[in-house]
file entry_33.txt (compact mmCIF, C-alpha atoms and all ligand atoms)
# COMPACT_ATOMS: atom_id res chain seq x y z
CA MET A 3 13.47 15.22 -17.88
CA LYS A 4 13.59 12.13 -15.68
CA LYS A 5 11.15 11.93 -12.78
CA LYS A 6 12.49 11.79 -9.22
CA ILE A 7 11.21 9.05 -6.93
CA SER A 8 12.24 9.05 -3.27
CA LEU A 9 11.89 5.96 -1.12
CA ILE A 10 11.74 6.61 2.62
CA GLY A 11 12.88 3.36 4.18
CA ALA A 12 15.50 1.27 2.39
CA GLY A 13 14.67 -2.07 3.99
CA GLN A 14 13.18 -5.12 2.28
CA ILE A 15 10.38 -3.29 0.46
CA GLY A 16 12.41 -0.11 -0.09
CA GLY A 17 15.25 -2.02 -1.76
CA THR A 18 12.86 -4.03 -3.93
CA LEU A 19 11.03 -0.84 -4.93
CA ALA A 20 14.35 0.73 -5.97
CA HIS A 21 15.21 -2.27 -8.11
CA LEU A 22 11.79 -2.47 -9.80
CA ILE A 23 11.70 1.28 -10.45
CA SER A 24 15.17 1.06 -11.98
CA ILE A 25 14.31 -1.88 -14.23
CA LYS A 26 11.20 -0.03 -15.44
CA GLU A 27 13.19 3.23 -15.76
CA LEU A 28 10.36 5.10 -14.04
CA GLY A 29 12.72 7.73 -12.70
CA ASN A 30 15.90 8.50 -10.77
CA VAL A 31 15.79 7.05 -7.25
CA VAL A 32 16.72 8.49 -3.86
CA LEU A 33 16.87 5.81 -1.17
CA PHE A 34 16.56 7.42 2.27
CA ASP A 35 16.97 5.58 5.55
CA VAL A 36 17.98 6.50 9.10
CA ALA A 37 20.36 3.56 8.71
CA GLU A 38 22.52 5.44 6.23
CA GLY A 39 24.67 2.44 5.30
CA ILE A 40 21.67 0.37 4.14
CA ALA A 41 20.49 3.18 1.84
CA LYS A 42 23.96 3.83 0.42
CA GLY A 43 24.81 0.14 0.03
CA LYS A 44 21.58 -0.73 -1.79
CA ALA A 45 21.81 2.32 -4.07
CA LEU A 46 25.37 1.32 -5.02
CA ASP A 47 24.46 -2.33 -5.52
CA ILE A 48 21.50 -1.57 -7.81
CA GLY A 49 23.53 1.14 -9.56
CA GLN A 50 26.14 -1.48 -10.37
CA SER A 51 23.48 -3.63 -12.08
CA THR A 52 22.50 -0.85 -14.51
CA SER A 53 25.19 -1.65 -17.05
CA VAL A 54 24.33 -5.36 -16.97
CA ASP A 55 20.61 -4.79 -17.37
CA GLY A 56 21.03 -1.76 -19.62
CA PHE A 57 18.82 0.74 -17.84
CA ASP A 58 19.61 4.40 -17.61
CA ILE A 59 18.79 5.87 -14.22
CA ASN A 60 20.65 7.30 -11.22
CA LEU A 61 20.39 6.09 -7.65
CA LYS A 62 21.47 7.86 -4.48
CA GLY A 63 21.49 6.52 -0.93
CA THR A 64 21.21 9.05 1.90
CA ASN A 65 20.11 9.87 5.44
CA ASN A 66 19.70 13.57 4.63
CA TYR A 67 16.13 14.74 3.99
CA GLU A 68 17.36 17.57 1.76
CA ASP A 69 18.15 14.94 -0.88
CA ILE A 70 14.43 14.19 -1.38
CA LYS A 71 13.79 17.82 -2.39
CA ASP A 72 11.19 18.25 -5.16
CA SER A 73 10.48 14.56 -5.67
CA ASP A 74 7.64 13.67 -8.04
CA VAL A 75 6.74 10.59 -6.03
CA ILE A 76 7.60 9.50 -2.49
CA ILE A 77 6.99 5.95 -1.30
CA ILE A 78 7.15 5.39 2.46
CA THR A 79 8.11 2.06 3.99
CA ALA A 80 9.97 3.44 7.01
CA GLY A 81 8.99 1.54 10.11
CA VAL A 82 9.13 -1.86 11.67
CA PRO A 83 7.54 -4.95 10.11
CA ARG A 84 5.73 -7.74 11.94
CA LYS A 85 7.34 -10.66 13.70
CA PRO A 86 5.59 -14.06 13.87
CA GLY A 87 2.51 -13.86 16.11
CA MET A 88 2.14 -10.07 15.81
CA THR A 89 -0.81 -8.32 14.17
CA ARG A 90 -0.33 -5.24 11.99
CA ASP A 91 -2.03 -3.23 14.75
CA ASP A 92 0.76 -4.19 17.21
CA LEU A 93 3.10 -1.95 15.16
CA LEU A 94 1.06 1.20 15.80
CA GLY A 95 2.98 2.90 18.62
CA THR A 96 6.44 2.51 17.04
CA ASN A 97 5.44 3.30 13.47
CA LEU A 98 3.37 6.34 14.46
CA LYS A 99 6.49 7.98 15.92
CA ILE A 100 8.47 7.13 12.79
CA ILE A 101 5.78 8.47 10.44
CA LYS A 102 5.67 11.76 12.36
CA GLN A 103 9.38 12.30 11.63
CA VAL A 104 8.91 11.26 8.00
CA ALA A 105 5.96 13.66 7.58
CA GLU A 106 8.10 16.55 8.86
CA GLY A 107 10.88 15.67 6.40
CA VAL A 108 8.47 15.43 3.46
CA LYS A 109 6.52 18.60 4.35
CA LYS A 110 9.74 20.61 4.61
CA ASN A 111 11.49 19.29 1.51
CA SER A 112 8.95 18.02 -0.98
CA PRO A 113 5.37 19.12 -0.22
CA ASN A 114 4.17 18.80 -3.85
CA SER A 115 4.93 15.09 -4.24
CA PHE A 116 2.47 12.26 -4.73
CA VAL A 117 2.96 10.19 -1.56
CA ILE A 118 2.28 6.47 -1.32
CA CYS A 119 2.39 4.97 2.20
CA ILE A 120 3.08 1.29 2.74
CA THR A 121 4.05 1.24 6.45
CA ASN A 122 1.62 -0.69 8.70
CA PRO A 123 -0.94 -0.50 10.19
CA LEU A 124 -1.59 0.94 6.76
CA ASP A 125 -4.88 2.84 6.96
CA ILE A 126 -3.95 4.51 10.25
CA ILE A 127 -0.42 5.37 9.15
CA VAL A 128 -1.56 6.95 5.88
CA MET A 129 -4.22 8.94 7.74
CA ALA A 130 -1.68 10.07 10.34
CA PHE A 131 0.86 10.99 7.62
CA GLN A 132 -1.73 13.19 5.89
CA LYS A 133 -2.63 14.85 9.18
CA TYR A 134 0.99 15.44 10.27
CA SER A 135 2.17 16.66 6.86
CA GLY A 136 -0.91 18.68 5.85
CA LEU A 137 -0.44 17.55 2.22
CA PRO A 138 -3.69 17.48 0.18
CA THR A 139 -5.67 14.26 0.52
CA ASN A 140 -5.61 13.60 -3.25
CA LYS A 141 -1.79 13.48 -3.06
CA VAL A 142 -1.58 11.06 -0.10
CA VAL A 143 -2.65 7.48 -0.64
CA GLY A 144 -2.02 4.05 0.89
CA MET A 145 -0.98 0.81 -0.82
CA ALA A 146 -2.84 -2.31 0.29
CA GLY A 147 -5.81 -3.13 -1.95
CA ILE A 148 -3.68 -4.02 -4.97
CA LEU A 149 -1.70 -6.48 -2.85
CA ASP A 150 -4.77 -7.96 -1.14
CA SER A 151 -6.58 -8.33 -4.49
CA SER A 152 -3.50 -9.91 -6.01
CA ARG A 153 -3.28 -12.42 -3.16
CA PHE A 154 -6.96 -13.37 -3.55
CA LYS A 155 -6.46 -13.72 -7.32
CA TYR A 156 -3.43 -15.94 -6.77
CA PHE A 157 -5.28 -18.27 -4.39
CA LEU A 158 -8.27 -18.49 -6.76
CA SER A 159 -5.98 -19.19 -9.70
CA GLU A 160 -4.24 -22.04 -7.83
CA GLU A 161 -7.56 -23.53 -6.71
CA LEU A 162 -9.37 -23.23 -10.05
CA LYS A 163 -6.30 -23.89 -12.25
CA VAL A 164 -6.90 -20.69 -14.18
CA PRO A 165 -4.21 -18.12 -15.09
CA VAL A 166 -4.27 -15.09 -12.79
CA LYS A 167 -4.79 -12.81 -15.79
CA ASN A 168 -8.22 -14.43 -16.40
CA ILE A 169 -9.43 -13.44 -12.92
CA GLU A 170 -10.97 -10.11 -12.02
CA CYS A 171 -11.41 -9.31 -8.36
CA ILE A 172 -11.10 -6.50 -5.89
CA VAL A 173 -10.48 -6.44 -2.14
CA LEU A 174 -11.66 -3.34 -0.28
CA GLY A 175 -11.86 -1.95 3.28
CA GLY A 176 -9.09 -1.70 5.83
CA HIS A 177 -5.82 -3.60 5.39
CA GLY A 178 -6.43 -5.93 8.31
CA ASP A 179 -8.29 -9.06 9.24
CA THR A 180 -11.60 -7.39 8.30
CA MET A 181 -10.62 -6.65 4.66
CA VAL A 182 -13.43 -7.44 2.21
CA PRO A 183 -12.93 -9.47 -0.98
CA MET A 184 -15.89 -8.32 -3.13
CA LEU A 185 -17.27 -11.70 -4.14
CA ASN A 186 -20.04 -10.36 -6.37
CA HIS A 187 -17.44 -8.37 -8.29
CA THR A 188 -15.21 -11.39 -8.85
CA LEU A 189 -15.17 -13.03 -12.29
CA VAL A 190 -13.16 -16.04 -13.47
CA ASN A 191 -13.01 -16.30 -17.25
CA GLY A 192 -15.97 -13.89 -17.20
CA LYS A 193 -18.08 -16.20 -14.99
CA PRO A 194 -19.34 -15.42 -11.48
CA LEU A 195 -17.61 -17.28 -8.66
CA ASN A 196 -20.67 -19.09 -7.26
CA GLN A 197 -20.80 -21.24 -10.42
CA LEU A 198 -17.21 -22.42 -9.93
CA ILE A 199 -16.45 -23.04 -6.28
CA THR A 200 -18.21 -24.32 -3.16
CA LYS A 201 -19.06 -21.86 -0.41
CA ASP A 202 -16.79 -23.67 2.09
CA LYS A 203 -13.79 -23.55 -0.24
CA LEU A 204 -14.46 -19.90 -1.01
CA ASP A 205 -14.68 -19.08 2.71
CA ASP A 206 -11.25 -20.74 3.14
CA LEU A 207 -9.70 -18.64 0.37
CA VAL A 208 -11.19 -15.42 1.77
CA GLU A 209 -9.73 -16.27 5.17
CA ARG A 210 -6.35 -17.14 3.63
CA THR A 211 -6.36 -13.77 1.84
CA ARG A 212 -7.13 -11.95 5.10
CA LYS A 213 -4.25 -13.78 6.76
CA GLY A 214 -2.04 -13.68 3.64
CA GLY A 215 0.54 -11.41 5.24
CA ALA A 216 0.76 -13.49 8.43
CA GLU A 217 1.28 -16.69 6.41
CA ILE A 218 4.42 -15.18 4.87
CA VAL A 219 5.63 -13.69 8.18
CA LYS A 220 5.43 -17.18 9.68
CA TYR A 221 7.55 -18.69 6.90
CA LEU A 222 10.14 -15.91 6.83
CA GLU A 223 10.41 -15.74 10.64
CA LYS A 224 12.28 -12.42 10.30
CA GLY A 225 10.35 -9.69 8.48
CA SER A 226 7.30 -9.71 6.25
CA ALA A 227 6.37 -9.91 2.56
CA PHE A 228 8.22 -7.56 0.24
CA TYR A 229 8.16 -8.62 -3.42
CA ALA A 230 4.39 -8.34 -3.96
CA PRO A 231 4.04 -5.22 -1.75
CA ALA A 232 6.79 -3.50 -3.77
CA ALA A 233 5.26 -4.52 -7.12
CA SER A 234 1.93 -3.08 -5.93
CA GLY A 235 3.50 0.23 -4.87
CA VAL A 236 5.24 0.54 -8.22
CA GLU A 237 1.93 0.06 -10.08
CA MET A 238 0.54 3.08 -8.20
CA ALA A 239 3.63 5.21 -8.85
CA GLU A 240 3.56 4.33 -12.54
CA ALA A 241 -0.14 5.25 -12.85
CA TYR A 242 0.67 8.71 -11.44
CA ILE A 243 3.88 9.33 -13.38
CA LYS A 244 2.45 8.19 -16.73
CA ASN A 245 -1.01 9.69 -16.11
CA LEU A 246 -2.59 6.30 -16.83
CA LYS A 247 -5.99 7.09 -15.18
CA LYS A 248 -5.96 3.49 -13.96
CA THR A 249 -8.62 2.22 -11.53
CA LEU A 250 -6.81 0.62 -8.60
CA PRO A 251 -7.92 -0.38 -5.09
CA CYS A 252 -6.03 1.94 -2.71
CA ALA A 253 -6.46 3.44 0.75
CA ALA A 254 -7.94 6.84 -0.04
CA PHE A 255 -9.55 9.65 1.94
CA LEU A 256 -13.34 9.31 1.98
CA ASN A 257 -15.41 12.45 2.02
CA GLY A 258 -18.95 11.12 1.78
CA GLU A 259 -18.21 8.28 -0.66
CA TYR A 260 -19.54 4.91 0.51
CA ASN A 261 -21.40 6.93 3.20
CA GLU A 262 -18.15 7.44 5.10
CA GLU A 263 -16.23 10.58 5.83
CA ASN A 264 -13.01 11.75 7.39
CA VAL A 265 -11.40 8.34 7.16
CA TYR A 266 -8.92 6.51 4.92
CA ALA A 267 -9.97 3.07 3.66
CA GLY A 268 -9.48 0.79 0.69
CA VAL A 269 -11.72 1.71 -2.25
CA PRO A 270 -11.28 1.75 -6.04
CA VAL A 271 -9.69 5.03 -7.14
CA ILE A 272 -8.57 6.48 -10.44
CA ILE A 273 -4.91 7.49 -10.35
CA GLY A 274 -3.58 9.97 -12.89
CA ASN A 275 -1.26 12.97 -12.80
CA ASN A 276 -3.53 14.77 -10.32
CA GLY A 277 -3.08 11.96 -7.83
CA VAL A 278 -6.32 10.38 -6.68
CA GLU A 279 -8.58 11.87 -9.36
CA LYS A 280 -11.79 10.08 -8.45
CA ILE A 281 -13.15 7.54 -6.00
CA VAL A 282 -15.17 4.95 -7.88
CA GLU A 283 -18.37 3.98 -6.07
CA LEU A 284 -19.27 0.37 -6.82
CA THR A 285 -22.81 -0.87 -6.36
CA LEU A 286 -22.55 -3.19 -3.39
CA ASP A 287 -25.02 -5.81 -2.22
CA LYS A 288 -26.22 -6.07 1.40
CA ASP A 289 -23.43 -8.37 2.58
CA GLU A 290 -20.68 -6.40 0.84
CA THR A 291 -22.00 -3.16 2.36
CA LYS A 292 -22.22 -4.70 5.83
CA ASN A 293 -18.69 -6.11 5.66
CA LEU A 294 -17.23 -2.88 4.30
CA ASN A 295 -18.90 -0.95 7.16
CA ILE A 296 -17.43 -3.38 9.71
CA SER A 297 -13.98 -3.02 8.17
CA ILE A 298 -14.08 0.80 8.11
CA LYS A 299 -15.35 0.82 11.69
CA ALA A 300 -12.26 -1.18 12.70
CA VAL A 301 -10.06 1.46 11.01
CA LYS A 302 -11.84 4.26 12.88
CA GLU A 303 -11.45 2.45 16.21
CA LEU A 304 -7.72 1.99 15.69
CA TYR A 305 -7.36 5.64 14.67
CA LYS A 306 -8.95 6.58 18.02
CA THR A 307 -6.19 4.57 19.73
CA ALA A 308 -3.62 6.44 17.61
CA CYS A 309 -5.12 9.75 18.77
CA LYS A 310 -4.71 8.64 22.38
CA ILE A 311 -1.06 7.72 21.73
CA ASP A 312 -0.40 11.08 20.07
CA PRO A 313 -2.95 13.80 20.93
CA ASP A 314 -1.43 15.96 18.11
CA LEU A 315 -3.58 13.87 15.75
CA ASN A 316 -6.70 15.51 17.22
CA ASN A 317 -5.64 18.98 16.03
P1 LIG B 1 12.28 -3.36 6.92
O1 LIG B 1 13.01 -4.27 6.01
O2 LIG B 1 12.51 -3.46 8.39
O3 LIG B 1 12.58 -1.85 6.45
C1 LIG B 1 12.14 -0.74 7.15
C2 LIG B 1 13.24 0.31 7.09
O4 LIG B 1 12.74 1.49 7.71
C3 LIG B 1 14.53 -0.10 7.82
O5 LIG B 1 15.62 -0.10 6.91
C4 LIG B 1 14.68 0.99 8.88
O6 LIG B 1 16.04 1.38 9.11
C5 LIG B 1 13.88 2.12 8.27
N1 LIG B 1 13.46 3.15 9.23
C6 LIG B 1 13.12 2.99 10.53
N2 LIG B 1 12.84 4.19 11.10
C7 LIG B 1 13.01 5.11 10.12
C8 LIG B 1 12.87 6.52 10.07
N3 LIG B 1 12.50 7.22 11.15
N4 LIG B 1 13.12 7.15 8.89
C9 LIG B 1 13.52 6.46 7.80
N5 LIG B 1 13.66 5.12 7.80
C10 LIG B 1 13.41 4.46 8.94
O7 LIG B 1 10.68 -3.49 6.69
P2 LIG B 1 9.91 -3.80 5.31
O8 LIG B 1 10.51 -3.01 4.21
O9 LIG B 1 9.74 -5.27 5.16
O10 LIG B 1 8.46 -3.23 5.68
C11 LIG B 1 8.26 -1.84 5.86
C12 LIG B 1 6.85 -1.57 6.38
O11 LIG B 1 5.89 -1.98 5.40
C13 LIG B 1 6.47 -2.32 7.66
O12 LIG B 1 5.74 -1.46 8.52
C14 LIG B 1 5.57 -3.44 7.17
O13 LIG B 1 4.66 -3.88 8.14
C15 LIG B 1 4.86 -2.74 6.03
N6 LIG B 1 4.21 -3.62 5.05
C16 LIG B 1 3.03 -3.19 4.55
C17 LIG B 1 2.36 -3.98 3.61
C18 LIG B 1 1.05 -3.51 3.09
O14 LIG B 1 0.44 -4.20 2.29
C19 LIG B 1 0.48 -2.26 3.51
C20 LIG B 1 2.90 -5.19 3.20
C21 LIG B 1 4.13 -5.59 3.73
C22 LIG B 1 4.78 -4.78 4.67
call {"tool": "encode", "arguments": {"input": "entry_33.txt", "output": "structure tokens", "more": "lines below"}}
Ligand code: A3D
result
Amino acid sequence: MKKKISLIGAGQIGGTLAHLISIKELGNVVLFDVAEGIAKGKALDIGQSTSVDGFDINLKGTNNYEDIKDSDVIIITAGVPRKPGMTRDDLLGTNLKIIKQVAEGVKKNSPNSFVICITNPLDIIVMAFQKYSGLPTNKVVGMAGILDSSRFKYFLSEELKVPVKNIECIVLGGHGDTMVPMLNHTLVNGKPLNQLITKDKLDDLVERTRKGGAEIVKYLEKGSAFYAPAASGVEMAEAYIKNLKKTLPCAAFLNGEYNEENVYAGVPVIIGNNGVEKIVELTLDKDETKNLNISIKAVKELYKTACKIDPDLNN
């Protein structure tokens, strides 16, 4: 039987997710949006490409939460994206209200799904979604680390003239300006970075990765990145649906791992058909530990602001 994947938010990322999921034939797609026309129009448009591309899946566009009933996977992009000059944190008040509605819809109609959040500010929104919905923490996860790692890889590959597939790297922590590319865990053609690049150049690439989203927002002027964020979300959905037990950097709930608890942050996790099956604890050096602590502290501070905006989050 085909899997059912519901996409809450049919905007730039939602539409791209629907197309990628269709091309990969990962499952039938429900595109949900409060703007009903966008969801219906995109579902029809992609549906009309199935005979050209030869893939066999169904798509439905809707603004009725009952249509997401019993989904295997739900990917949430409902919310507003950044405009030039805005930080991800500036989206908090608006997107918190939206995620509260989405959590109610998911809890009522599809509480056994594996839920991937993409809406920003990511770590806070995924934590709030889990709290509002009451879904188990292993079934609620945030997408950011795959994208941030992929951006860092891309910049390294351009600088060092090496194919991206020959680079291993991982970016952890919160999905904000404090995110932490793990330099001691980065290998290019199997070699450590410090043999290949000057410290100044590396500092530039780390900073460009941290500001990678803003760079694209500035170019696009309206809206933010969507191709790479959608590809990253699909990788997570595929790992769950196909029980791949893949290790991927994702925003996951920490319960003592990395000496942190009761907080969502970007760490390597194994995703299989039980959702987040394990959090992988890397051995970090002093600098990596310090930077990860700073990044997680920033997430906790912003969550405190969220709790002030909506005291329900304290319950
Ligand atoms: P956009 O194209 O505006 O799509 C968002 C969609 O959400 C729109 O179609 C809205 O109609 C819809 N929406 C608004 N309120 C609701 C609601 N209550 N219920 C259902 N749908 C609703 O944005 P986008 O797709 O470019 O980005 C979506 C989110 O992803 C934004 O918050 C971005 O900041 C975020 N984002 C995150 C990353 C990460 O790496 C975490 C990367 C890029 C974008």
call {"tool": "residues_around", "arguments": {"input": "entry_33.txt", "residues": "segment 90-107 of chain A", "least_positions_apart": "2", "cutoff": "9 Å", "atoms": "all atoms listed in the file", "output": "ChimeraX atom specification"}}
result
/A:10,67-68,70,78,80-84,88,109-112,121-124,126-128,130-136,177-178,304,307-308,311-312
call {"tool": "residues_around", "arguments": {"input": "entry_33.txt", "residues": "segment 230-242 of chain A", "least_positions_apart": "6", "cutoff": "8 Å", "atoms": "all atoms listed in the file", "output": "PyMOL selection string"}}
result
chain A and resi 15-16+18-19+22-23+28+75+77+116+118+120+145-146+148-149+248+250+273-277
call {"tool": "residues_around", "arguments": {"input": "entry_33.txt", "residues": "Leu33 of chain A", "least_positions_apart": "6", "cutoff": "10 Å", "atoms": "all atoms listed in the file", "output": "list in words"}}
result
Ile7, Ser8, Leu9, Ile10, Gly11, Ala12, Gly13, Gly16, Gly17, Leu19, Ala20, Ile40, Ala41, Lys42, Gly43, Lys44, Ala45, Leu61, Lys62, Gly63, Thr64, Asn65, Asp69, Ile70 and Ile77 of chain A
call {"tool": "atom_distance", "arguments": {"input": "entry_33.txt", "atom1": "atom CA of Tyr260 of chain A", "atom2": "atom CA of Ile272 of chain A"}}
result
15.6 Å
call {"tool": "residues_around", "arguments": {"input": "entry_33.txt", "residues": "Lys85 of chain A", "least_positions_apart": "4", "cutoff": "9 Å", "atoms": "only C-alpha atoms", "output": "ChimeraX atom specification"}}
result
/A:89,216,219-220,223-226
call {"tool": "write_last_selection", "arguments": {"input": "entry_33.txt", "atoms": "C-alpha atoms", "output": "short mmCIF file (atom, residue, chain, number, x, y, z; two decimals), keeping the file's coordinate frame"}}
result
data_model
loop_
_atom_site.label_atom_id
_atom_site.label_comp_id
_atom_site.auth_asym_id
_atom_site.auth_seq_id
_atom_site.Cartn_x
_atom_site.Cartn_y
_atom_site.Cartn_z
CA THR A 89 -0.81 -8.32 14.17
CA ALA A 216 0.76 -13.49 8.43
CA VAL A 219 5.63 -13.69 8.18
CA LYS A 220 5.43 -17.18 9.68
CA GLU A 223 10.41 -15.74 10.64
CA LYS A 224 12.28 -12.42 10.30
CA GLY A 225 10.35 -9.69 8.48
CA SER A 226 7.30 -9.71 6.25
#
call {"tool": "atom_distance", "arguments": {"input": "entry_33.txt", "atom1": "atom O9 of ligand LIG 1 (chain B)", "atom2": "atom CA of Gly144 of chain A"}}
result
15.6 Å
call {"tool": "closest_residue", "arguments": {"input": "entry_33.txt", "among": "A:Gly49, A:Pro251, A:Pro113, A:Gly56", "to": "ligand LIG 1 (chain B)", "atoms": "only C-alpha atoms and all ligand atoms"}}
result
A:Pro251
